Amino acid sequence: ADLRSCIPMEELRNTDVPKVGGKSASLGEMIGGLADAGVLVPGGFSTTSQAYKDFLLQNDLGERINKALDDENIYTDVTKLQEVGKAVRQMVMDQPLPPSFESDLKEQWQRISEGNESFKVAVRSSATAEDLPDASFAGQQETFLNVSGYENLVEKVHECFASLFTDRAISYRHDKGFDHKSVQLCACVQKMVRSEEASAGVMFTLDTESGFRDVVFVTAAWGLGETVVGGTVNPDEFYVFKPTLEQGHDAVLSQNMGSKLVK
């Protein structure tokens with residue numbers, strides 16, 4: 001069995017969701033599958049579900065969390081949910097990360113930063129719960145951008161672990177019938193793209209409103225993609241027709257210039 005606490009992103013594939021969560025596995029797949037096509041995907045590494053399980057074994061942390069979340073009242077009383085959620089997140093933050101895990105994080109940090117003091121990464125949560133047709137975990141856990149320095153990295157990984165227990169995430173898992181104990185949190189650490197001089201956005205492989213599969217829907221705005229993902233900016237929009245694109249013809253069906261104003 002692979003018991004590593006950190007795995008370089010380029011070693012990961014789509015089949016590694018139980019090991020590193022959905023986000024890290026998908027990024028690993030993109031790095032491996034798109035490099036030959038000339039698509040550049042920033043590298044990095046992911047912490048593993050094994051690292052998270054080892055973290056919960058310390059001082060019976062996992063047991064204490066499970067006991068707190070077994071209280072049925074928190075799923076009917078919002079005040080109680082907020083109280084317990086806050087207490088559980090505090091338990092997670094009060095428990096130091098295992099020294100062996102921290103030394104693995106340091107090794108990976110040194111590998112990707114190559115001694116560059118101003119090197120910055122994004123630290124994103126990657127949960128092992130698969131998105132299902134009636135359950136989507138997008139945006140429920142923390143993302144941290146422009147993280148620099150090893151100490152900050154450790155802190156943000158720790159905060160990602162705690163964010164598995166936001167009030168919203170606790171209640172959502174319960175409502176959708178997911179056992180809290182069956183979901184592990186991994187941290188996906190990826191080199192930041194310097195997009196302040198360019199644009200970023202989201203690309204859908206179908207039309208999001210009709211489900212029509214022969215188009216690609218692209219939205220973009222200046223700077224990081226965070227504003228586009230969060231719906232706080234009015235982005236540019238493009239529809240590209242796949243069949244004519246494959247034939248090598250001009251394939252942009254429509255383009256709409258957004259104001260790019262951030263709300």
# chains A, B, ... in the order shown; residues from 1 in each chain; ligands from 1
call {"tool": "residues_around", "arguments": {"residues": "Asn234 in chain A", "least_positions_apart": "2", "cutoff": "8 Å", "atoms": "only C-alpha atoms", "output": "PyMOL selection string"}}
result
chain A and resi 221+228+231-232+236+258-262
call {"tool": "write_last_selection", "arguments": {"atoms": "N, CA and C atoms", "output": "PDB file, in the first residue's frame"}}
result
ATOM      1  N   ALA A 221     -12.226  36.679 -17.327  1.00  0.00           N
ATOM      2  CA  ALA A 221     -12.081  38.070 -16.873  1.00  0.00           C
ATOM      3  C   ALA A 221     -10.610  38.299 -16.523  1.00  0.00           C
ATOM      4  N   VAL A 228     -14.493  34.758 -11.347  1.00  0.00           N
ATOM      5  CA  VAL A 228     -15.392  34.111 -12.308  1.00  0.00           C
ATOM      6  C   VAL A 228     -16.083  32.916 -11.644  1.00  0.00           C
ATOM      7  N   GLY A 231     -18.693  33.996  -9.201  1.00  0.00           N
ATOM      8  CA  GLY A 231     -19.811  34.762  -9.750  1.00  0.00           C
ATOM      9  C   GLY A 231     -19.835  36.214  -9.320  1.00  0.00           C
ATOM     10  N   THR A 232     -18.655  36.764  -8.952  1.00  0.00           N
ATOM     11  CA  THR A 232     -18.630  38.160  -8.491  1.00  0.00           C
ATOM     12  C   THR A 232     -18.164  39.129  -9.582  1.00  0.00           C
ATOM     13  N   ASP A 236     -16.358  38.032 -19.865  1.00  0.00           N
ATOM     14  CA  ASP A 236     -16.549  37.821 -21.299  1.00  0.00           C
ATOM     15  C   ASP A 236     -17.025  36.377 -21.481  1.00  0.00           C
ATOM     16  N   GLY A 258     -18.220  41.124 -21.575  1.00  0.00           N
ATOM     17  CA  GLY A 258     -18.753  41.550 -20.274  1.00  0.00           C
ATOM     18  C   GLY A 258     -18.073  42.829 -19.820  1.00  0.00           C
ATOM     19  N   SER A 259     -18.633  43.471 -18.806  1.00  0.00           N
ATOM     20  CA  SER A 259     -18.046  44.731 -18.310  1.00  0.00           C
ATOM     21  C   SER A 259     -16.776  44.469 -17.513  1.00  0.00           C
ATOM     22  N   LYS A 260     -16.590  43.206 -17.041  1.00  0.00           N
ATOM     23  CA  LYS A 260     -15.475  42.826 -16.177  1.00  0.00           C
ATOM     24  C   LYS A 260     -15.479  43.586 -14.847  1.00  0.00           C
ATOM     25  N   LEU A 261     -16.591  44.208 -14.532  1.00  0.00           N
ATOM     26  CA  LEU A 261     -16.671  44.918 -13.246  1.00  0.00           C
ATOM     27  C   LEU A 261     -16.902  43.887 -12.142  1.00  0.00           C
ATOM     28  N   VAL A 262     -16.153  44.041 -11.062  1.00  0.00           N
ATOM     29  CA  VAL A 262     -16.307  43.126  -9.925  1.00  0.00           C
ATOM     30  C   VAL A 262     -17.346  43.700  -8.978  1.00  0.00           C
TER      31      VAL A 262
END
call {"tool": "residues_around", "arguments": {"residues": "range 190-194 of chain A", "least_positions_apart": "3", "cutoff": "9 Å", "atoms": "only C-alpha atoms", "output": "list in words"}}
result
Met9, Pro42, Gly43, Gly44, Phe45, Ser46, Ile112, Ser113, Phe119, Lys120, Val121, Ala122, Val123, Arg124, Leu145, Asn146, Val147, Glu197, Ala198, Gly223 and Leu224 of chain A
call {"tool": "residues_around", "arguments": {"residues": "range 64-71 of chain A", "least_positions_apart": "2", "cutoff": "9 Å", "atoms": "only C-alpha atoms", "output": "list of chain:residue names"}}
result
A:Leu56, A:Asn59, A:Asp60, A:Leu61, A:Gly62, A:Asn73, A:Ile74, A:Tyr75, A:Val84, A:Gly85, A:Ala87, A:Val88, A:Met91, A:Val92, A:Ile170, A:His180, A:Lys181
call {"tool": "residues_around", "arguments": {"residues": "range 16-25 of chain A", "least_positions_apart": "5", "cutoff": "6 Å", "atoms": "only C-alpha atoms", "output": "VMD selection string"}}
result
chain A and resid 48 to 49 126 to 128 186 188
call {"tool": "select_by_dssp", "arguments": {"residues": "range 14-250 of chain A", "states": "strand (DSSP E)", "output": "number ranges by chain"}}
result
A: 44-47, 120-127, 143-148, 185-191, 199-204, 215-222, 236-241
call {"tool": "residues_around", "arguments": {"residues": "Phe238 in chain A", "least_positions_apart": "5", "cutoff": "10 Å", "atoms": "only C-alpha atoms", "output": "ChimeraX atom specification"}}
result
/A:203,215-220,252-257
call {"tool": "write_last_selection", "arguments": {"atoms": "all heavy atoms", "output": "tab-separated table (two decimals), in the first residue's frame"}}
result
chain	number	residue	atom	x	y	z
A	203	MET	N	-13.94	27.03	-18.28
A	203	MET	CA	-14.36	26.46	-19.56
A	203	MET	C	-15.24	25.24	-19.29
A	203	MET	O	-14.84	24.34	-18.56
A	203	MET	CB	-13.14	26.07	-20.38
A	203	MET	CG	-13.47	25.52	-21.74
A	203	MET	SD	-12.01	25.46	-22.81
A	203	MET	CE	-11.19	24.02	-22.17
A	215	VAL	N	-20.99	22.17	-28.00
A	215	VAL	CA	-20.31	23.46	-27.83
A	215	VAL	C	-19.41	23.45	-26.59
A	215	VAL	O	-19.61	22.66	-25.67
A	215	VAL	CB	-21.30	24.65	-27.70
A	215	VAL	CG1	-22.04	24.89	-29.00
A	215	VAL	CG2	-22.25	24.45	-26.54
A	216	VAL	N	-18.43	24.36	-26.63
A	216	VAL	CA	-17.61	24.63	-25.44
A	216	VAL	C	-17.97	26.04	-25.02
A	216	VAL	O	-18.02	26.96	-25.85
A	216	VAL	CB	-16.10	24.57	-25.78
A	216	VAL	CG1	-15.27	24.97	-24.57
A	216	VAL	CG2	-15.72	23.16	-26.23
A	217	PHE	N	-18.28	26.22	-23.74
A	217	PHE	CA	-18.67	27.54	-23.22
A	217	PHE	C	-17.50	28.07	-22.38
A	217	PHE	O	-17.09	27.44	-21.41
A	217	PHE	CB	-19.94	27.38	-22.37
A	217	PHE	CG	-20.43	28.65	-21.75
A	217	PHE	CD1	-20.42	29.86	-22.43
A	217	PHE	CD2	-20.93	28.64	-20.44
A	217	PHE	CE1	-20.88	31.03	-21.85
A	217	PHE	CE2	-21.39	29.81	-19.84
A	217	PHE	CZ	-21.37	31.00	-20.55
A	218	VAL	N	-16.96	29.22	-22.79
A	218	VAL	CA	-15.79	29.80	-22.11
A	218	VAL	C	-16.16	31.13	-21.47
A	218	VAL	O	-16.78	31.98	-22.13
A	218	VAL	CB	-14.63	30.02	-23.11
A	218	VAL	CG1	-13.39	30.55	-22.39
A	218	VAL	CG2	-14.29	28.75	-23.86
A	219	THR	N	-15.83	31.31	-20.19
A	219	THR	CA	-16.02	32.61	-19.53
A	219	THR	C	-14.67	33.07	-19.00
A	219	THR	O	-13.89	32.26	-18.49
A	219	THR	CB	-17.02	32.51	-18.36
A	219	THR	OG1	-16.52	31.53	-17.43
A	219	THR	CG2	-18.39	32.08	-18.83
A	220	ALA	N	-14.39	34.37	-19.10
A	220	ALA	CA	-13.07	34.86	-18.66
A	220	ALA	C	-13.14	36.32	-18.23
A	220	ALA	O	-13.97	37.10	-18.69
A	220	ALA	CB	-12.05	34.70	-19.80
A	252	VAL	N	-16.08	30.00	-33.56
A	252	VAL	CA	-16.70	30.80	-32.50
A	252	VAL	C	-18.13	31.16	-32.93
A	252	VAL	O	-18.33	31.92	-33.88
A	252	VAL	CB	-15.89	32.08	-32.20
A	252	VAL	CG1	-16.59	32.91	-31.13
A	252	VAL	CG2	-14.49	31.71	-31.72
A	253	LEU	N	-19.11	30.58	-32.23
A	253	LEU	CA	-20.52	30.82	-32.57
A	253	LEU	C	-20.97	32.20	-32.11
A	253	LEU	O	-21.67	32.90	-32.81
A	253	LEU	CB	-21.42	29.78	-31.89
A	253	LEU	CG	-21.42	28.36	-32.42
A	253	LEU	CD1	-22.29	27.49	-31.54
A	253	LEU	CD2	-21.93	28.33	-33.85
A	254	SER	N	-20.58	32.55	-30.89
A	254	SER	CA	-20.97	33.86	-30.37
A	254	SER	C	-19.99	34.31	-29.32
A	254	SER	O	-19.31	33.50	-28.68
A	254	SER	CB	-22.38	33.79	-29.76
A	254	SER	OG	-22.34	33.03	-28.56
A	255	GLN	N	-19.86	35.64	-29.21
A	255	GLN	CA	-19.01	36.18	-28.15
A	255	GLN	C	-19.69	37.40	-27.55
A	255	GLN	O	-20.29	38.20	-28.26
A	255	GLN	CB	-17.63	36.53	-28.69
A	255	GLN	CG	-17.61	37.33	-29.96
A	255	GLN	CD	-16.21	37.32	-30.59
A	255	GLN	OE1	-15.36	36.55	-30.21
A	255	GLN	NE2	-15.99	38.20	-31.54
A	256	ASN	N	-19.63	37.46	-26.25
A	256	ASN	CA	-20.30	38.55	-25.54
A	256	ASN	C	-19.29	39.21	-24.61
A	256	ASN	O	-18.71	38.55	-23.75
A	256	ASN	CB	-21.48	37.98	-24.74
A	256	ASN	CG	-22.20	39.06	-23.97
A	256	ASN	OD1	-22.37	40.18	-24.47
A	256	ASN	ND2	-22.60	38.75	-22.76
A	257	MET	N	-19.03	40.51	-24.81
A	257	MET	CA	-18.04	41.18	-23.97
A	257	MET	C	-18.68	41.67	-22.69
A	257	MET	O	-19.61	42.48	-22.73
A	257	MET	CB	-17.41	42.35	-24.74
A	257	MET	CG	-16.17	42.87	-24.03
A	257	MET	SD	-15.06	43.73	-25.12
A	257	MET	CE	-15.68	45.38	-24.98
call {"tool": "select_by_dssp", "arguments": {"residues": "range 5-203 of chain A", "states": "alpha helix (DSSP H)", "output": "compact mmCIF listing (two decimals) with N, CA and C atoms, in the first residue's frame"}}
result
# COMPACT_ATOMS: atom_id res chain seq x y z
N VAL A 17 -8.55 9.23 -6.77
CA VAL A 17 -9.46 10.01 -5.90
C VAL A 17 -9.44 9.51 -4.44
N PRO A 18 -9.49 8.19 -4.18
CA PRO A 18 -9.46 7.75 -2.77
C PRO A 18 -8.16 8.13 -2.07
N LYS A 19 -7.10 8.32 -2.84
CA LYS A 19 -5.78 8.60 -2.28
C LYS A 19 -5.54 10.10 -2.03
N VAL A 20 -6.02 10.95 -2.96
CA VAL A 20 -5.71 12.39 -2.87
C VAL A 20 -6.91 13.31 -3.08
N GLY A 21 -8.11 12.73 -3.22
CA GLY A 21 -9.29 13.57 -3.44
C GLY A 21 -9.48 13.94 -4.91
N GLY A 22 -10.66 14.46 -5.21
CA GLY A 22 -11.04 14.75 -6.58
C GLY A 22 -10.21 15.81 -7.28
N LYS A 23 -9.97 16.92 -6.60
CA LYS A 23 -9.25 18.03 -7.25
C LYS A 23 -7.82 17.65 -7.62
N SER A 24 -7.10 17.06 -6.68
CA SER A 24 -5.70 16.68 -6.93
C SER A 24 -5.61 15.62 -8.03
N ALA A 25 -6.53 14.64 -7.98
CA ALA A 25 -6.51 13.57 -8.98
C ALA A 25 -6.78 14.12 -10.38
N SER A 26 -7.72 15.06 -10.48
CA SER A 26 -8.04 15.66 -11.79
C SER A 26 -6.89 16.50 -12.32
N LEU A 27 -6.24 17.25 -11.43
CA LEU A 27 -5.10 18.07 -11.87
C LEU A 27 -3.94 17.19 -12.32
N GLY A 28 -3.72 16.08 -11.60
CA GLY A 28 -2.68 15.14 -12.00
C GLY A 28 -2.96 14.56 -13.38
N GLU A 29 -4.22 14.23 -13.62
CA GLU A 29 -4.65 13.70 -14.92
C GLU A 29 -4.39 14.73 -16.03
N MET A 30 -4.69 16.00 -15.73
CA MET A 30 -4.47 17.06 -16.73
C MET A 30 -2.99 17.24 -17.03
N ILE A 31 -2.17 17.21 -15.98
CA ILE A 31 -0.72 17.38 -16.18
C ILE A 31 -0.20 16.23 -17.05
N GLY A 32 -0.65 15.00 -16.73
CA GLY A 32 -0.17 13.84 -17.48
C GLY A 32 -0.73 13.75 -18.88
N GLY A 33 -2.01 14.12 -19.03
CA GLY A 33 -2.68 13.91 -20.31
C GLY A 33 -2.56 15.05 -21.30
N LEU A 34 -2.31 16.26 -20.81
CA LEU A 34 -2.33 17.42 -21.72
C LEU A 34 -0.96 17.96 -22.08
N SER A 49 -4.86 11.14 1.68
CA SER A 49 -5.87 10.75 2.67
C SER A 49 -5.19 10.01 3.82
N GLN A 50 -4.07 9.34 3.51
CA GLN A 50 -3.30 8.65 4.55
C GLN A 50 -2.77 9.65 5.58
N ALA A 51 -2.26 10.80 5.10
CA ALA A 51 -1.75 11.84 6.00
C ALA A 51 -2.86 12.35 6.90
N TYR A 52 -4.06 12.49 6.32
CA TYR A 52 -5.21 12.99 7.10
C TYR A 52 -5.63 11.96 8.15
N LYS A 53 -5.65 10.69 7.75
CA LYS A 53 -6.01 9.62 8.71
C LYS A 53 -5.01 9.57 9.86
N ASP A 54 -3.70 9.69 9.53
CA ASP A 54 -2.66 9.67 10.56
C ASP A 54 -2.82 10.85 11.52
N PHE A 55 -3.20 12.01 10.95
CA PHE A 55 -3.41 13.21 11.77
C PHE A 55 -4.54 12.98 12.77
N LEU A 56 -5.63 12.35 12.32
CA LEU A 56 -6.78 12.11 13.20
C LEU A 56 -6.52 11.09 14.30
N LEU A 57 -5.49 10.25 14.11
CA LEU A 57 -5.17 9.23 15.12
C LEU A 57 -4.49 9.82 16.36
N LEU A 61 -8.09 12.33 18.26
CA LEU A 61 -8.78 13.47 17.63
C LEU A 61 -10.00 13.01 16.83
N GLY A 62 -9.83 11.96 16.02
CA GLY A 62 -10.94 11.45 15.22
C GLY A 62 -12.12 11.03 16.07
N GLU A 63 -11.82 10.33 17.16
CA GLU A 63 -12.87 9.86 18.07
C GLU A 63 -13.63 11.04 18.68
N ARG A 64 -12.87 12.06 19.08
CA ARG A 64 -13.50 13.23 19.71
C ARG A 64 -14.40 13.98 18.72
N ILE A 65 -13.93 14.06 17.47
CA ILE A 65 -14.74 14.73 16.43
C ILE A 65 -16.03 13.95 16.19
N ASN A 66 -15.88 12.62 16.04
CA ASN A 66 -17.06 11.79 15.76
C ASN A 66 -18.09 11.90 16.88
N LYS A 67 -17.60 11.93 18.11
CA LYS A 67 -18.50 12.03 19.26
C LYS A 67 -19.29 13.34 19.21
N ALA A 68 -18.58 14.44 18.88
CA ALA A 68 -19.24 15.75 18.81
C ALA A 68 -20.30 15.77 17.71
N LEU A 69 -20.00 15.10 16.57
CA LEU A 69 -20.92 15.14 15.43
C LEU A 69 -22.05 14.11 15.52
N VAL A 78 -29.75 25.35 14.34
CA VAL A 78 -28.64 26.07 13.69
C VAL A 78 -27.64 26.60 14.71
N THR A 79 -28.14 27.11 15.83
CA THR A 79 -27.24 27.65 16.86
C THR A 79 -26.32 26.55 17.40
N LYS A 80 -26.90 25.38 17.59
CA LYS A 80 -26.13 24.23 18.10
C LYS A 80 -25.09 23.81 17.05
N LEU A 81 -25.49 23.83 15.78
CA LEU A 81 -24.58 23.47 14.68
C LEU A 81 -23.37 24.42 14.67
N GLN A 82 -23.65 25.72 14.81
CA GLN A 82 -22.57 26.72 14.80
C GLN A 82 -21.62 26.50 15.98
N GLU A 83 -22.21 26.18 17.11
CA GLU A 83 -21.44 25.96 18.35
C GLU A 83 -20.51 24.74 18.20
N VAL A 84 -21.09 23.62 17.74
CA VAL A 84 -20.32 22.38 17.59
C VAL A 84 -19.30 22.50 16.45
N GLY A 85 -19.72 23.12 15.34
CA GLY A 85 -18.82 23.31 14.21
C GLY A 85 -17.57 24.08 14.63
N LYS A 86 -17.79 25.15 15.36
CA LYS A 86 -16.66 25.98 15.82
C LYS A 86 -15.74 25.17 16.75
N ALA A 87 -16.36 24.40 17.65
CA ALA A 87 -15.58 23.59 18.61
C ALA A 87 -14.75 22.53 17.88
N VAL A 88 -15.34 21.89 16.86
CA VAL A 88 -14.63 20.85 16.11
C VAL A 88 -13.46 21.46 15.33
N ARG A 89 -13.70 22.60 14.69
CA ARG A 89 -12.60 23.26 13.94
C ARG A 89 -11.47 23.65 14.88
N GLN A 90 -11.83 24.07 16.09
CA GLN A 90 -10.82 24.44 17.08
C GLN A 90 -10.01 23.21 17.53
N MET A 91 -10.70 22.08 17.69
CA MET A 91 -10.02 20.81 18.04
C MET A 91 -8.96 20.49 16.98
N VAL A 92 -9.35 20.64 15.72
CA VAL A 92 -8.43 20.33 14.61
C VAL A 92 -7.22 21.27 14.64
N MET A 93 -7.48 22.57 14.85
CA MET A 93 -6.38 23.54 14.83
C MET A 93 -5.48 23.41 16.07
N ASP A 94 -6.06 22.94 17.18
CA ASP A 94 -5.28 22.79 18.42
C ASP A 94 -4.35 21.58 18.37
N PRO A 99 5.07 15.49 13.23
CA PRO A 99 6.39 15.97 12.78
C PRO A 99 6.84 15.33 11.46
N SER A 100 6.53 14.04 11.26
CA SER A 100 6.96 13.37 10.02
C SER A 100 6.23 13.97 8.81
N PHE A 101 4.97 14.35 9.02
CA PHE A 101 4.19 14.98 7.94
C PHE A 101 4.76 16.36 7.62
N GLU A 102 5.11 17.11 8.67
CA GLU A 102 5.69 18.44 8.45
C GLU A 102 7.01 18.34 7.69
N SER A 103 7.81 17.32 8.00
CA SER A 103 9.09 17.20 7.29
C SER A 103 8.87 16.80 5.83
N ASP A 104 7.81 16.01 5.55
CA ASP A 104 7.45 15.68 4.15
C ASP A 104 6.98 16.94 3.42
N LEU A 105 6.20 17.77 4.12
CA LEU A 105 5.75 19.03 3.51
C LEU A 105 6.94 19.92 3.18
N LYS A 106 7.92 19.94 4.10
CA LYS A 106 9.10 20.78 3.87
C LYS A 106 9.89 20.29 2.65
N GLU A 107 10.02 18.99 2.54
CA GLU A 107 10.75 18.40 1.41
C GLU A 107 10.07 18.75 0.08
N GLN A 108 8.74 18.65 0.05
CA GLN A 108 8.00 18.98 -1.17
C GLN A 108 8.07 20.48 -1.47
N TRP A 109 7.99 21.28 -0.41
CA TRP A 109 8.08 22.74 -0.59
C TRP A 109 9.43 23.11 -1.22
N GLN A 110 10.50 22.51 -0.71
CA GLN A 110 11.83 22.80 -1.24
C GLN A 110 11.96 22.32 -2.68
N ARG A 111 11.31 21.19 -2.99
CA ARG A 111 11.37 20.66 -4.36
C ARG A 111 10.71 21.61 -5.35
N ILE A 112 9.50 22.11 -5.00
CA ILE A 112 8.79 22.94 -5.98
C ILE A 112 9.23 24.40 -5.98
N SER A 113 9.68 24.91 -4.81
CA SER A 113 10.07 26.32 -4.76
C SER A 113 11.51 26.53 -5.24
N TYR A 150 7.40 28.37 3.73
CA TYR A 150 7.06 27.05 4.27
C TYR A 150 6.12 27.13 5.49
N GLU A 151 6.38 28.09 6.41
CA GLU A 151 5.53 28.19 7.62
C GLU A 151 4.08 28.47 7.24
N ASN A 152 3.89 29.38 6.27
CA ASN A 152 2.52 29.70 5.83
C ASN A 152 1.87 28.50 5.16
N LEU A 153 2.66 27.74 4.42
CA LEU A 153 2.14 26.55 3.76
C LEU A 153 1.57 25.58 4.81
N VAL A 154 2.35 25.31 5.85
CA VAL A 154 1.92 24.38 6.91
C VAL A 154 0.61 24.87 7.55
N GLU A 155 0.55 26.17 7.82
CA GLU A 155 -0.64 26.75 8.45
C GLU A 155 -1.87 26.58 7.56
N LYS A 156 -1.70 26.82 6.26
CA LYS A 156 -2.85 26.74 5.34
C LYS A 156 -3.30 25.29 5.13
N VAL A 157 -2.35 24.35 5.10
CA VAL A 157 -2.72 22.93 5.00
C VAL A 157 -3.56 22.55 6.23
N HIS A 158 -3.13 23.02 7.40
CA HIS A 158 -3.83 22.76 8.66
C HIS A 158 -5.25 23.35 8.60
N GLU A 159 -5.35 24.58 8.07
CA GLU A 159 -6.67 25.23 7.96
C GLU A 159 -7.57 24.52 6.96
N CYS A 160 -6.98 23.96 5.90
CA CYS A 160 -7.77 23.16 4.95
C CYS A 160 -8.37 21.95 5.67
N PHE A 161 -7.56 21.28 6.50
CA PHE A 161 -8.05 20.13 7.27
C PHE A 161 -9.26 20.55 8.12
N ALA A 162 -9.14 21.69 8.78
CA ALA A 162 -10.23 22.16 9.65
C ALA A 162 -11.48 22.51 8.84
N ASP A 167 -19.66 24.71 9.12
CA ASP A 167 -21.07 24.41 9.46
C ASP A 167 -21.79 23.87 8.22
N ARG A 168 -21.54 24.53 7.09
CA ARG A 168 -22.21 24.15 5.84
C ARG A 168 -21.84 22.72 5.42
N ALA A 169 -20.55 22.39 5.53
CA ALA A 169 -20.09 21.06 5.12
C ALA A 169 -20.64 19.96 6.02
N ILE A 170 -20.67 20.24 7.34
CA ILE A 170 -21.20 19.25 8.30
C ILE A 170 -22.66 18.95 7.97
N SER A 171 -23.45 20.00 7.80
CA SER A 171 -24.88 19.83 7.58
C SER A 171 -25.17 19.22 6.21
N TYR A 172 -24.37 19.60 5.20
CA TYR A 172 -24.58 19.07 3.85
C TYR A 172 -24.32 17.55 3.80
N ARG A 173 -23.19 17.13 4.42
CA ARG A 173 -22.88 15.69 4.43
C ARG A 173 -24.00 14.90 5.13
N HIS A 174 -24.48 15.45 6.23
CA HIS A 174 -25.55 14.78 6.97
C HIS A 174 -26.81 14.68 6.11
N ASP A 175 -27.20 15.79 5.47
CA ASP A 175 -28.42 15.82 4.64
C ASP A 175 -28.33 14.85 3.47
call {"tool": "decode", "arguments": {"residues": "range 45-64 of chain A", "atoms": "N, CA and C atoms", "output": "mmCIF file, in the first residue's frame"}}
result
data_model
loop_
_atom_site.group_PDB
_atom_site.id
_atom_site.type_symbol
_atom_site.label_atom_id
_atom_site.label_comp_id
_atom_site.auth_asym_id
_atom_site.auth_seq_id
_atom_site.Cartn_x
_atom_site.Cartn_y
_atom_site.Cartn_z
ATOM 1 N N PHE A 45 2.122 19.427 -5.617
ATOM 2 C CA PHE A 45 1.978 18.130 -4.956
ATOM 3 C C PHE A 45 0.669 18.112 -4.193
ATOM 4 N N SER A 46 0.297 16.938 -3.733
ATOM 5 C CA SER A 46 -0.907 16.826 -2.921
ATOM 6 C C SER A 46 -0.594 16.060 -1.651
ATOM 7 N N THR A 47 -1.208 16.486 -0.552
ATOM 8 C CA THR A 47 -1.140 15.654 0.646
ATOM 9 C C THR A 47 -2.150 14.525 0.423
ATOM 10 N N THR A 48 -2.056 13.464 1.183
ATOM 11 C CA THR A 48 -2.878 12.274 0.915
ATOM 12 C C THR A 48 -3.919 12.017 2.002
ATOM 13 N N SER A 49 -4.861 11.136 1.676
ATOM 14 C CA SER A 49 -5.868 10.750 2.666
ATOM 15 C C SER A 49 -5.186 10.008 3.824
ATOM 16 N N GLN A 50 -4.075 9.335 3.509
ATOM 17 C CA GLN A 50 -3.300 8.647 4.553
ATOM 18 C C GLN A 50 -2.774 9.652 5.582
ATOM 19 N N ALA A 51 -2.263 10.796 5.097
ATOM 20 C CA ALA A 51 -1.746 11.838 5.999
ATOM 21 C C ALA A 51 -2.862 12.351 6.904
ATOM 22 N N TYR A 52 -4.064 12.489 6.324
ATOM 23 C CA TYR A 52 -5.208 12.988 7.095
ATOM 24 C C TYR A 52 -5.628 11.963 8.154
ATOM 25 N N LYS A 53 -5.650 10.686 7.751
ATOM 26 C CA LYS A 53 -6.014 9.621 8.710
ATOM 27 C C LYS A 53 -5.007 9.573 9.861
ATOM 28 N N ASP A 54 -3.704 9.688 9.527
ATOM 29 C CA ASP A 54 -2.661 9.668 10.561
ATOM 30 C C ASP A 54 -2.816 10.852 11.517
ATOM 31 N N PHE A 55 -3.200 12.009 10.954
ATOM 32 C CA PHE A 55 -3.411 13.212 11.765
ATOM 33 C C PHE A 55 -4.540 12.983 12.773
ATOM 34 N N LEU A 56 -5.629 12.346 12.321
ATOM 35 C CA LEU A 56 -6.784 12.113 13.204
ATOM 36 C C LEU A 56 -6.516 11.086 14.304
ATOM 37 N N LEU A 57 -5.490 10.248 14.112
ATOM 38 C CA LEU A 57 -5.170 9.227 15.118
ATOM 39 C C LEU A 57 -4.494 9.824 16.360
ATOM 40 N N GLN A 58 -3.953 11.021 16.220
ATOM 41 C CA GLN A 58 -3.251 11.640 17.350
ATOM 42 C C GLN A 58 -4.233 12.054 18.443
ATOM 43 N N ASN A 59 -3.898 11.735 19.676
ATOM 44 C CA ASN A 59 -4.728 12.146 20.831
ATOM 45 C C ASN A 59 -6.214 11.855 20.654
ATOM 46 N N ASP A 60 -6.532 10.764 19.963
ATOM 47 C CA ASP A 60 -7.946 10.395 19.735
ATOM 48 C C ASP A 60 -8.757 11.516 19.083
ATOM 49 N N LEU A 61 -8.087 12.327 18.259
ATOM 50 C CA LEU A 61 -8.776 13.472 17.631
ATOM 51 C C LEU A 61 -9.996 13.011 16.835
ATOM 52 N N GLY A 62 -9.827 11.957 16.025
ATOM 53 C CA GLY A 62 -10.940 11.446 15.218
ATOM 54 C C GLY A 62 -12.120 11.029 16.066
ATOM 55 N N GLU A 63 -11.815 10.326 17.162
ATOM 56 C CA GLU A 63 -12.875 9.861 18.067
ATOM 57 C C GLU A 63 -13.628 11.042 18.677
ATOM 58 N N ARG A 64 -12.867 12.057 19.076
ATOM 59 C CA ARG A 64 -13.496 13.228 19.712
ATOM 60 C C ARG A 64 -14.400 13.978 18.723
#
